[in-house]
Amino acid sequence: MALTSIAYAQTNKIAVEVSFNGTRCNGSHGLCVVEPTLSKSLYNAHMYLNEKGLLVMEIIISNLEEGQLNTVLGETYSSSKTVYTFTMEDTFVLSDELRFALKLPNGKGEIPKGSYTAVVGAELITLVFGLR
């Protein structure tokens, strides 16, 4: 199975195009399904490991559906505010496919529950997750 990924040569990082819906499967805040996409028309975020070994998710605001920005942020978006809290109500286990695509080290593959900073820019929402 082919994975769609793009390489950013200037930083030697591999970014995987992913699709997610901004909520947990039961509708509460966090992540439910995050998978590499095979179609460029279906992705709404990139994921990669930064230089500190943290998992970065860059959500493309223009690829979100109506109302999804508020769902991701957990509150109503305000253009005067750039920093929000993204809450993971449960530990999220990355799929084997996503771990492989991100080239994660053996034993890494869980985003622990907790609060993470979400920074909203003009085009992206950037989340940085710890991994275990």
# chains A, B, ... in the order shown; residues from 1 in each chain; ligands from 1

$ residues_around --residues "segment 102-114 of chain A" --least-positions-apart "4" --cutoff "6 Å" --atoms "only C-alpha atoms" --output "list in words"
Thr87, Met88, Glu89, Asp90, Thr91, Phe92, Val93, Leu94, Leu131 and Arg132 of chain A

$ residues_around --residues "Ile61 of chain A" --least-positions-apart "6" --cutoff "7 Å" --atoms "only C-alpha atoms" --output "list in words"
Glu123, Leu124 and Ile125 of chain A

$ closest_residue --among "A:Thr82, A:Tyr43, A:Leu64, A:Val34" --to "Asp96 of chain A" --atoms "only C-alpha atoms"
A:Val34

$ residues_around --residues "Tyr116 of chain A" --least-positions-apart "3" --cutoff "10 Å" --atoms "only C-alpha atoms" --output "NGL selection string"
:A and (84-88 or 113 or 119 or 127-130)

$ write_last_selection --atoms "C-alpha atoms" --output "compact mmCIF listing (two decimals), in the first residue's frame"
# COMPACT_ATOMS: atom_id res chain seq x y z
CA TYR A 84 -5.66 27.65 22.64
CA THR A 85 -5.57 24.44 24.66
CA PHE A 86 -6.14 21.14 22.87
CA THR A 87 -7.22 18.52 25.38
CA MET A 88 -6.60 14.81 24.86
CA LYS A 113 -3.83 12.17 27.52
CA VAL A 119 -1.31 27.81 17.98
CA LEU A 127 -0.31 21.16 17.74
CA VAL A 128 2.78 19.67 19.38
CA PHE A 129 2.27 16.35 21.16
CA GLY A 130 4.50 14.39 23.48

$ atom_distance --atom1 "atom CA of Val120 of chain A" --atom2 "atom CA of Lys81 of chain A"
8.0 Å
